[in-house]
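Asker: Structure file data_9.tsv (TSV, N, CA and C atoms) right here:
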```tsv
chain	number	residue	atom	x	y	z
K	174	MET	N	117.04	87.39	90.32
K	174	MET	CA	117.40	86.97	91.66
K	174	MET	C	118.89	87.23	91.87
K	175	GLY	N	119.21	87.87	92.97
K	175	GLY	CA	120.59	88.22	93.25
K	175	GLY	C	121.39	87.06	93.81
K	176	THR	N	122.71	87.25	93.85
K	176	THR	CA	123.62	86.22	94.33
K	176	THR	C	123.37	85.88	95.80
K	177	VAL	N	123.10	86.90	96.59
K	177	VAL	CA	122.85	86.67	98.02
K	177	VAL	C	121.60	85.81	98.20
K	178	GLU	N	120.55	86.13	97.45
K	178	GLU	CA	119.31	85.35	97.55
K	178	GLU	C	119.54	83.91	97.07
K	179	GLN	N	120.29	83.74	96.00
K	179	GLN	CA	120.61	82.40	95.51
K	179	GLN	C	121.37	81.60	96.56
K	180	ASN	N	122.36	82.23	97.18
K	180	ASN	CA	123.14	81.55	98.21
K	180	ASN	C	122.28	81.18	99.41
K	181	ASN	N	121.34	82.04	99.77
K	181	ASN	CA	120.43	81.74	100.88
K	181	ASN	C	119.54	80.54	100.55
K	182	ILE	N	119.04	80.49	99.33
K	182	ILE	CA	118.22	79.35	98.89
K	182	ILE	C	119.05	78.07	98.92
K	183	ARG	N	120.24	78.14	98.33
K	183	ARG	CA	121.12	76.97	98.31
K	183	ARG	C	121.39	76.45	99.73
K	184	THR	N	121.76	77.35	100.60
K	184	THR	CA	122.09	76.97	101.98
K	184	THR	C	120.88	76.38	102.69
K	185	GLU	N	119.75	77.04	102.61
K	185	GLU	CA	118.55	76.58	103.31
K	185	GLU	C	118.09	75.21	102.82
K	186	TYR	N	117.94	75.06	101.52
K	186	TYR	CA	117.41	73.82	100.97
K	186	TYR	C	118.43	72.68	101.04
K	187	TYR	N	119.68	72.98	100.83
K	187	TYR	CA	120.72	71.96	100.92
K	187	TYR	C	120.82	71.43	102.35
K	188	ASN	N	120.91	72.33	103.31
K	188	ASN	CA	121.04	71.91	104.71
K	188	ASN	C	119.84	71.06	105.15
K	189	GLU	N	118.66	71.44	104.73
K	189	GLU	CA	117.47	70.68	105.10
K	189	GLU	C	117.48	69.30	104.43
K	190	ALA	N	117.86	69.24	103.17
K	190	ALA	CA	117.93	67.96	102.46
K	190	ALA	C	118.96	67.04	103.11
K	191	ILE	N	120.10	67.58	103.48
K	191	ILE	CA	121.14	66.78	104.13
K	191	ILE	C	120.66	66.31	105.50
K	192	ARG	N	119.94	67.15	106.21
K	192	ARG	CA	119.39	66.75	107.51
K	192	ARG	C	118.46	65.54	107.34
K	193	TYR	N	117.63	65.59	106.31
K	193	TYR	CA	116.75	64.45	106.01
K	193	TYR	C	117.57	63.20	105.68
K	194	MET	N	118.60	63.36	104.85
K	194	MET	CA	119.41	62.21	104.45
K	194	MET	C	120.14	61.60	105.65
K	195	ASP	N	120.63	62.44	106.55
K	195	ASP	CA	121.26	61.93	107.77
K	195	ASP	C	120.26	61.11	108.58
K	196	ASN	N	119.04	61.62	108.67
K	196	ASN	CA	117.98	60.92	109.38
K	196	ASN	C	117.67	59.59	108.68
K	197	ALA	N	117.60	59.60	107.36
K	197	ALA	CA	117.32	58.38	106.59
K	197	ALA	C	118.41	57.33	106.82
K	198	LYS	N	119.67	57.76	106.82
K	198	LYS	CA	120.78	56.82	107.04
K	198	LYS	C	120.71	56.21	108.44
K	199	GLU	N	120.39	57.02	109.44
K	199	GLU	CA	120.26	56.51	110.80
K	199	GLU	C	119.11	55.50	110.90
K	200	THR	N	118.02	55.80	110.23
K	200	THR	CA	116.88	54.89	110.23
K	200	THR	C	117.23	53.58	109.54
K	201	LEU	N	117.96	53.66	108.44
K	201	LEU	CA	118.35	52.47	107.69
K	201	LEU	C	119.25	51.55	108.53
K	202	LYS	N	120.09	52.14	109.38
K	202	LYS	CA	120.95	51.34	110.24
K	202	LYS	C	120.13	50.43	111.16
K	203	LYS	N	118.95	50.91	111.54
K	203	LYS	CA	118.09	50.14	112.44
K	203	LYS	C	117.52	48.89	111.76
K	204	ALA	N	117.54	48.87	110.43
K	204	ALA	CA	117.00	47.73	109.69
K	204	ALA	C	117.88	46.50	109.84
K	205	GLY	N	119.14	46.70	110.13
K	205	GLY	CA	120.06	45.58	110.21
K	205	GLY	C	120.20	44.91	108.85
K	206	LYS	N	121.32	44.27	108.63
K	206	LYS	CA	121.46	43.56	107.36
K	206	LYS	C	122.26	42.29	107.55
K	207	GLU	N	121.89	41.34	106.75
K	207	GLU	CA	122.58	40.07	106.69
K	207	GLU	C	122.97	39.86	105.24
K	208	GLU	N	124.26	39.85	105.01
K	208	GLU	CA	124.80	39.80	103.66
K	208	GLU	C	124.26	40.96	102.84
K	209	ASP	N	123.42	40.69	101.83
K	209	ASP	CA	122.96	41.78	100.96
K	209	ASP	C	121.47	42.07	101.11
K	210	ILE	N	120.91	41.72	102.25
K	210	ILE	CA	119.48	41.92	102.50
K	210	ILE	C	119.28	42.65	103.83
K	211	TYR	N	118.50	43.73	103.79
K	211	TYR	CA	118.10	44.37	105.05
K	211	TYR	C	117.09	43.47	105.74
K	212	GLN	N	117.14	43.41	107.06
K	212	GLN	CA	116.34	42.46	107.82
K	212	GLN	C	114.98	42.99	108.25
K	213	ASP	N	114.83	44.29	108.40
K	213	ASP	CA	113.55	44.84	108.87
K	213	ASP	C	112.98	45.81	107.83
K	214	GLU	N	111.99	45.33	107.11
K	214	GLU	CA	111.38	46.09	106.01
K	214	GLU	C	110.82	47.44	106.47
K	215	LYS	N	110.27	47.48	107.68
K	215	LYS	CA	109.67	48.72	108.19
K	215	LYS	C	110.68	49.87	108.20
K	216	TYR	N	111.89	49.59	108.67
K	216	TYR	CA	112.91	50.63	108.72
K	216	TYR	C	113.40	51.01	107.33
K	217	VAL	N	113.46	50.04	106.43
K	217	VAL	CA	113.86	50.34	105.05
K	217	VAL	C	112.82	51.25	104.41
K	218	LYS	N	111.55	50.91	104.58
K	218	LYS	CA	110.48	51.74	104.01
K	218	LYS	C	110.55	53.16	104.57
K	219	THR	N	110.73	53.28	105.87
K	219	THR	CA	110.79	54.59	106.50
K	219	THR	C	111.99	55.38	105.99
K	220	ALA	N	113.14	54.74	105.92
K	220	ALA	CA	114.35	55.41	105.44
K	220	ALA	C	114.19	55.88	103.99
K	221	CYS	N	113.59	55.04	103.16
K	221	CYS	CA	113.38	55.41	101.75
K	221	CYS	C	112.42	56.60	101.65
K	222	GLY	N	111.39	56.61	102.46
K	222	GLY	CA	110.46	57.72	102.46
K	222	GLY	C	111.13	59.02	102.87
K	223	ILE	N	111.96	58.96	103.89
K	223	ILE	CA	112.68	60.15	104.35
K	223	ILE	C	113.66	60.63	103.28
K	224	ALA	N	114.39	59.70	102.68
K	224	ALA	CA	115.36	60.07	101.63
K	224	ALA	C	114.65	60.68	100.43
K	225	TYR	N	113.51	60.15	100.06
K	225	TYR	CA	112.76	60.71	98.94
K	225	TYR	C	112.29	62.13	99.27
K	226	CYS	N	111.88	62.37	100.50
K	226	CYS	CA	111.50	63.72	100.91
K	226	CYS	C	112.69	64.68	100.81
K	227	ALA	N	113.89	64.17	101.11
K	227	ALA	CA	115.11	64.98	100.97
K	227	ALA	C	115.31	65.40	99.52
K	228	VAL	N	115.06	64.47	98.61
K	228	VAL	CA	115.19	64.76	97.18
K	228	VAL	C	114.20	65.83	96.76
K	229	LEU	N	112.97	65.71	97.21
K	229	LEU	CA	111.96	66.71	96.86
K	229	LEU	C	112.32	68.08	97.41
K	230	LYS	N	112.87	68.10	98.60
K	230	LYS	CA	113.31	69.37	99.20
K	230	LYS	C	114.41	69.99	98.34
K	231	ALA	N	115.37	69.18	97.93
K	231	ALA	CA	116.46	69.68	97.09
K	231	ALA	C	115.94	70.16	95.73
K	232	LEU	N	115.00	69.42	95.16
K	232	LEU	CA	114.43	69.82	93.87
K	232	LEU	C	113.65	71.13	93.98
K	233	ASP	N	112.97	71.33	95.09
K	233	ASP	CA	112.29	72.61	95.30
K	233	ASP	C	113.30	73.75	95.26
K	234	GLY	N	114.42	73.59	95.95
K	234	GLY	CA	115.46	74.60	95.94
K	234	GLY	C	116.04	74.79	94.55
K	235	TYR	N	116.28	73.70	93.85
K	235	TYR	CA	116.83	73.76	92.49
K	235	TYR	C	115.90	74.53	91.56
K	236	LEU	N	114.62	74.23	91.64
K	236	LEU	CA	113.65	74.90	90.77
K	236	LEU	C	113.52	76.38	91.13
K	237	LEU	N	113.57	76.70	92.40
K	237	LEU	CA	113.55	78.12	92.80
K	237	LEU	C	114.75	78.86	92.21
K	238	LEU	N	115.91	78.22	92.22
K	238	LEU	CA	117.10	78.83	91.64
K	238	LEU	C	116.96	79.03	90.14
K	239	LYS	N	116.12	78.24	89.51
K	239	LYS	CA	115.87	78.34	88.06
K	239	LYS	C	114.64	79.21	87.77
K	240	ASP	N	114.18	79.94	88.78
K	240	ASP	CA	113.02	80.85	88.65
K	240	ASP	C	111.72	80.14	88.28
K	241	VAL	N	111.56	78.92	88.77
K	241	VAL	CA	110.31	78.18	88.58
K	241	VAL	C	109.49	78.37	89.85
K	242	LYS	N	108.24	78.76	89.68
K	242	LYS	CA	107.35	78.94	90.83
K	242	LYS	C	107.01	77.55	91.39
K	243	VAL	N	107.32	77.36	92.66
K	243	VAL	CA	107.11	76.07	93.31
K	243	VAL	C	105.93	76.20	94.28
K	244	PRO	N	104.86	75.42	94.04
K	244	PRO	CA	103.72	75.47	94.96
K	244	PRO	C	104.13	74.99	96.35
K	245	LYS	N	103.43	75.47	97.35
K	245	LYS	CA	103.76	75.11	98.74
K	245	LYS	C	103.41	73.67	99.07
K	246	ARG	N	102.31	73.16	98.53
K	246	ARG	CA	101.83	71.84	98.94
K	246	ARG	C	101.43	70.98	97.75
K	247	ARG	N	101.37	69.69	97.99
K	247	ARG	CA	100.82	68.69	97.07
K	247	ARG	C	101.39	68.75	95.65
K	248	LYS	N	102.70	68.72	95.57
K	248	LYS	CA	103.33	68.65	94.25
K	248	LYS	C	103.40	67.19	93.83
K	249	SER	N	103.07	66.93	92.60
K	249	SER	CA	103.12	65.55	92.10
K	249	SER	C	104.46	65.30	91.42
K	250	ILE	N	104.75	64.04	91.17
K	250	ILE	CA	105.96	63.71	90.43
K	250	ILE	C	105.91	64.35	89.04
K	251	GLU	N	104.72	64.50	88.49
K	251	GLU	CA	104.59	65.13	87.17
K	251	GLU	C	105.06	66.59	87.21
K	252	PHE	N	104.80	67.28	88.31
K	252	PHE	CA	105.28	68.66	88.45
K	252	PHE	C	106.80	68.69	88.32
K	253	TYR	N	107.47	67.81	89.05
K	253	TYR	CA	108.93	67.78	89.01
K	253	TYR	C	109.43	67.32	87.64
K	254	ARG	N	108.83	66.27	87.10
K	254	ARG	CA	109.28	65.77	85.80
K	254	ARG	C	109.10	66.82	84.70
K	255	ASP	N	107.95	67.47	84.67
K	255	ASP	CA	107.69	68.48	83.65
K	255	ASP	C	108.72	69.61	83.70
K	256	ASN	N	109.03	70.06	84.90
K	256	ASN	CA	109.93	71.20	85.04
K	256	ASN	C	111.39	70.82	84.91
K	257	ILE	N	111.80	69.71	85.48
K	257	ILE	CA	113.19	69.28	85.39
K	257	ILE	C	113.54	68.90	83.95
K	258	ALA	N	112.62	68.27	83.24
K	258	ALA	CA	112.87	67.86	81.85
K	258	ALA	C	113.21	69.05	80.96
K	259	LYS	N	112.66	70.20	81.26
K	259	LYS	CA	112.92	71.41	80.48
K	259	LYS	C	114.29	72.01	80.77
K	260	ILE	N	114.89	71.61	81.88
K	260	ILE	CA	116.12	72.26	82.35
K	260	ILE	C	117.35	71.37	82.21
K	261	ASP	N	117.26	70.10	82.64
K	261	ASP	CA	118.45	69.26	82.75
K	261	ASP	C	118.08	67.79	82.56
K	262	CYS	N	118.43	67.24	81.41
K	262	CYS	CA	118.08	65.84	81.09
K	262	CYS	C	118.80	64.84	82.00
K	263	LYS	N	120.04	65.12	82.36
K	263	LYS	CA	120.77	64.21	83.24
K	263	LYS	C	120.12	64.18	84.62
K	264	LEU	N	119.75	65.34	85.12
K	264	LEU	CA	119.07	65.42	86.42
K	264	LEU	C	117.74	64.67	86.35
K	265	MET	N	117.09	64.74	85.21
K	265	MET	CA	115.83	64.03	85.02
K	265	MET	C	116.02	62.52	85.18
K	266	ALA	N	117.10	61.99	84.65
K	266	ALA	CA	117.39	60.56	84.79
K	266	ALA	C	117.58	60.19	86.26
K	267	TYR	N	118.27	61.02	86.99
K	267	TYR	CA	118.46	60.77	88.43
K	267	TYR	C	117.15	60.89	89.18
K	268	LEU	N	116.32	61.83	88.79
K	268	LEU	CA	115.00	61.96	89.41
K	268	LEU	C	114.19	60.69	89.19
K	269	ASN	N	114.16	60.20	87.97
K	269	ASN	CA	113.42	58.97	87.68
K	269	ASN	C	113.96	57.79	88.49
K	270	ASN	N	115.28	57.74	88.63
K	270	ASN	CA	115.90	56.67	89.40
K	270	ASN	C	115.50	56.75	90.88
K	271	THR	N	115.59	57.93	91.47
K	271	THR	CA	115.24	58.06	92.89
K	271	THR	C	113.75	57.82	93.11
K	272	TYR	N	112.93	58.30	92.19
K	272	TYR	CA	111.49	58.08	92.32
K	272	TYR	C	111.18	56.57	92.30
K	273	THR	N	111.77	55.87	91.35
K	273	THR	CA	111.50	54.44	91.22
K	273	THR	C	112.05	53.65	92.41
K	274	ILE	N	113.32	53.88	92.73
K	274	ILE	CA	113.95	53.08	93.79
K	274	ILE	C	113.45	53.48	95.18
K	275	LEU	N	113.55	54.76	95.51
K	275	LEU	CA	113.22	55.16	96.87
K	275	LEU	C	111.73	55.22	97.14
K	276	HIS	N	110.98	55.81	96.22
K	276	HIS	CA	109.56	56.02	96.48
K	276	HIS	C	108.73	54.76	96.18
K	277	LEU	N	108.87	54.23	94.98
K	277	LEU	CA	108.04	53.09	94.59
K	277	LEU	C	108.57	51.77	95.17
K	278	ASP	N	109.82	51.44	94.83
K	278	ASP	CA	110.38	50.15	95.26
K	278	ASP	C	110.62	50.10	96.77
K	279	GLY	N	111.28	51.11	97.29
K	279	GLY	CA	111.64	51.09	98.71
K	279	GLY	C	110.48	51.40	99.63
K	280	TYR	N	109.84	52.54	99.42
K	280	TYR	CA	108.78	52.97	100.33
K	280	TYR	C	107.50	52.14	100.18
K	281	TYR	N	107.03	52.02	98.96
K	281	TYR	CA	105.76	51.32	98.75
K	281	TYR	C	105.89	49.80	98.72
K	282	ASP	N	106.87	49.29	97.98
K	282	ASP	CA	106.97	47.85	97.77
K	282	ASP	C	107.83	47.13	98.80
K	283	GLY	N	108.62	47.87	99.55
K	283	GLY	CA	109.42	47.25	100.60
K	283	GLY	C	110.61	46.45	100.11
K	284	ILE	N	111.22	46.87	99.03
K	284	ILE	CA	112.43	46.21	98.54
K	284	ILE	C	113.50	46.29	99.63
K	285	VAL	N	114.17	45.20	99.91
K	285	VAL	CA	115.14	45.18	101.01
K	285	VAL	C	116.56	44.82	100.55
K	286	TYR	N	116.83	44.89	99.26
K	286	TYR	CA	118.16	44.58	98.74
K	286	TYR	C	119.08	45.77	98.97
K	287	VAL	N	120.18	45.53	99.65
K	287	VAL	CA	121.12	46.58	100.02
K	287	VAL	C	121.62	47.34	98.79
K	288	ASP	N	122.00	46.64	97.73
K	288	ASP	CA	122.54	47.30	96.54
K	288	ASP	C	121.51	48.21	95.88
K	289	THR	N	120.27	47.80	95.87
K	289	THR	CA	119.21	48.61	95.26
K	289	THR	C	118.99	49.88	96.06
K	290	ILE	N	118.86	49.74	97.35
K	290	ILE	CA	118.64	50.91	98.21
K	290	ILE	C	119.85	51.84	98.15
K	291	SER	N	121.05	51.28	98.12
K	291	SER	CA	122.27	52.09	98.00
K	291	SER	C	122.27	52.90	96.71
K	292	ALA	N	121.81	52.30	95.62
K	292	ALA	CA	121.73	53.02	94.34
K	292	ALA	C	120.74	54.18	94.45
K	293	GLY	N	119.65	53.97	95.14
K	293	GLY	CA	118.68	55.05	95.34
K	293	GLY	C	119.27	56.19	96.15
K	294	PHE	N	120.00	55.85	97.20
K	294	PHE	CA	120.65	56.88	98.02
K	294	PHE	C	121.71	57.63	97.22
K	295	LYS	N	122.44	56.91	96.38
K	295	LYS	CA	123.47	57.55	95.55
K	295	LYS	C	122.82	58.56	94.60
K	296	SER	N	121.73	58.19	93.99
K	296	SER	CA	121.01	59.11	93.10
K	296	SER	C	120.48	60.31	93.87
K	297	ALA	N	120.01	60.06	95.09
K	297	ALA	CA	119.50	61.15	95.92
K	297	ALA	C	120.61	62.17	96.19
K	298	TYR	N	121.79	61.69	96.55
K	298	TYR	CA	122.90	62.61	96.81
K	298	TYR	C	123.32	63.37	95.56
K	299	PHE	N	123.24	62.74	94.40
K	299	PHE	CA	123.55	63.45	93.16
K	299	PHE	C	122.63	64.65	93.00
K	300	ILE	N	121.34	64.45	93.23
K	300	ILE	CA	120.36	65.53	93.11
K	300	ILE	C	120.63	66.61	94.16
K	301	ILE	N	120.83	66.20	95.38
K	301	ILE	CA	121.05	67.17	96.46
K	301	ILE	C	122.30	68.00	96.20
K	302	ASP	N	123.34	67.38	95.66
K	302	ASP	CA	124.58	68.10	95.38
K	302	ASP	C	124.41	69.17	94.30
K	303	LYS	N	123.34	69.11	93.54
K	303	LYS	CA	123.07	70.14	92.51
K	303	LYS	C	122.86	71.52	93.13
K	304	ILE	N	122.45	71.54	94.39
K	304	ILE	CA	122.22	72.83	95.04
K	304	ILE	C	123.23	73.12	96.15
K	305	LYS	N	124.27	72.32	96.22
K	305	LYS	CA	125.27	72.49	97.27
K	305	LYS	C	125.88	73.89	97.21
K	306	PRO	N	125.87	74.58	98.34
K	306	PRO	CA	126.48	75.92	98.36
K	306	PRO	C	127.98	75.86	98.11
K	307	ALA	N	128.51	76.92	97.56
K	307	ALA	CA	129.95	77.00	97.33
K	307	ALA	C	130.67	76.99	98.67
K	308	ALA	N	131.79	76.30	98.71
K	308	ALA	CA	132.56	76.17	99.97
K	308	ALA	C	133.24	77.45	100.36
```
Translate this file's structure into structure tokens.

Answerer:
Amino acid sequence: MGTVEQNNIRTEYYNEAIRYMDNAKETLKKAGKEEDIYQDEKYVKTACGIAYCAVLKALDGYLLLKDVKVPKRRKSIEFYRDNIAKIDCKLMAYLNNTYTILHLDGYYDGIVYVDTISAGFKSAYFIIDKIKPAA
């Protein structure tokens, strides 16, 4: 894969992931917060789901850059774990963190603790920055 193609992948997938994250942050604002608790679980769940989708988008781009064939639909967490584990152990830790916090705790279980959700978003940005195009 040539440099131009790599840059195109980075730009496309990074921009889309950031667009999702911007949307997730706007949605999270609607949840409102009192001290360290978000007040509306529905918006927290929605924001976590959107942020997790951003992570998957970034991981698709990352794997394409590593010459891993990425299926178009219905990828499981096992697909990402199996492939990321072979490439980058640190990234794998961040993937596990975002999966647990954003997907399981935030989206499914409705965790509303500000610090927990913030940690999930921080991990998401770490993953997304892996494909950030050169300035």

Asker: Within 7 Å of Val228 of chain K, counting only N, CA and C atoms, which residues qualify if same-chain residues fewer than 3 places away don't, as a PyMOL selection string?

Answerer: chain K and resi 190+223-225+231-233+297+300-301

Asker: Specify the axis-aligned box that encloses all atoms of segment 287-303 of chain K listed in the file after padding of 4 Å on each side, stating its centre and edge lengths in Å to one decimal as lines of an AutoDock Vina configuration file.

Answerer:
```
center_x = 121.6
center_y = 58.5
center_z = 96.3
size_x = 13.9
size_y = 34.0
size_z = 15.5
```

Asker: Out of K:Leu277, K:Met194, K:Cys226, K:Leu236, which residue has the shortest atom-to-atom distance to Ala258 of chain K when counting only C-alpha atoms?

Answerer: K:Leu236

Asker: Which one is closest to Thr289 of chain K: K:Tyr187, K:Tyr211, K:Tyr193, K:Tyr216? Count only C-alpha atoms.

Answerer: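 Using only C-alpha atoms, the shortest distance to Thr289 of chain K belongs to K:Tyr211.
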
Asker: Please, which residues of chain K, numbered as in this document, come out helix (DSSP H, G or I) from DSSP, as an MDAnalysis selection string?

Answerer: chainID K and resid 176:202 214:238 250:260 262:281 287:302

Asker: Near Asn270 of chain K, counting only C-alpha atoms, which residues have an atom at most 12 Å away, once you skip same-chain residues fewer than 6 positions from it, shown as a VMD selection string?

Answerer: chain K and resid 225 228 254 263 to 264 276 to 279 289 to 300

Asker: For a test of reading the model, state the distance in Å between atom N of Ile210 of chain K and atom CA of Tyr286 of chain K, rounded to one decimal.

Answerer: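 Result for atom N of Ile210 of chain K versus atom CA of Tyr286 of chain K: 5.3 Å, one decimal.
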
Asker: Just the residues within 8 Å of Lys202 of chain K, please, counting all atoms listed in the file, with nothing from its chain fewer than 6 positions along; format it as a PyMOL selection string.

Answerer: chain K and resi 196+216-217+220

Asker: Write out as a compact mmCIF listing (two decimals) with N, CA and C atoms, keeping the file's coordinate frame the residues lying within 8 Å of Ala307 of chain K, counting all atoms listed in the file and excluding same-chain residues fewer than 6 positions away.

Answerer:
```
# COMPACT_ATOMS: atom_id res chain seq x y z
N ASN K 180 122.36 82.23 97.18
CA ASN K 180 123.14 81.55 98.21
C ASN K 180 122.28 81.18 99.41
N ARG K 183 120.24 78.14 98.33
CA ARG K 183 121.12 76.97 98.31
C ARG K 183 121.39 76.45 99.73
N THR K 184 121.76 77.35 100.60
CA THR K 184 122.09 76.97 101.98
C THR K 184 120.88 76.38 102.69
```

Asker: Rank nothing, just name the residue among K:Cys262, K:Leu268, K:Ile274, K:Leu229 nearest to Val287 of chain K, using only C-alpha atoms.

Answerer: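 Residue with the minimum atom-to-atom distance to Val287 of chain K: K:Ile274.
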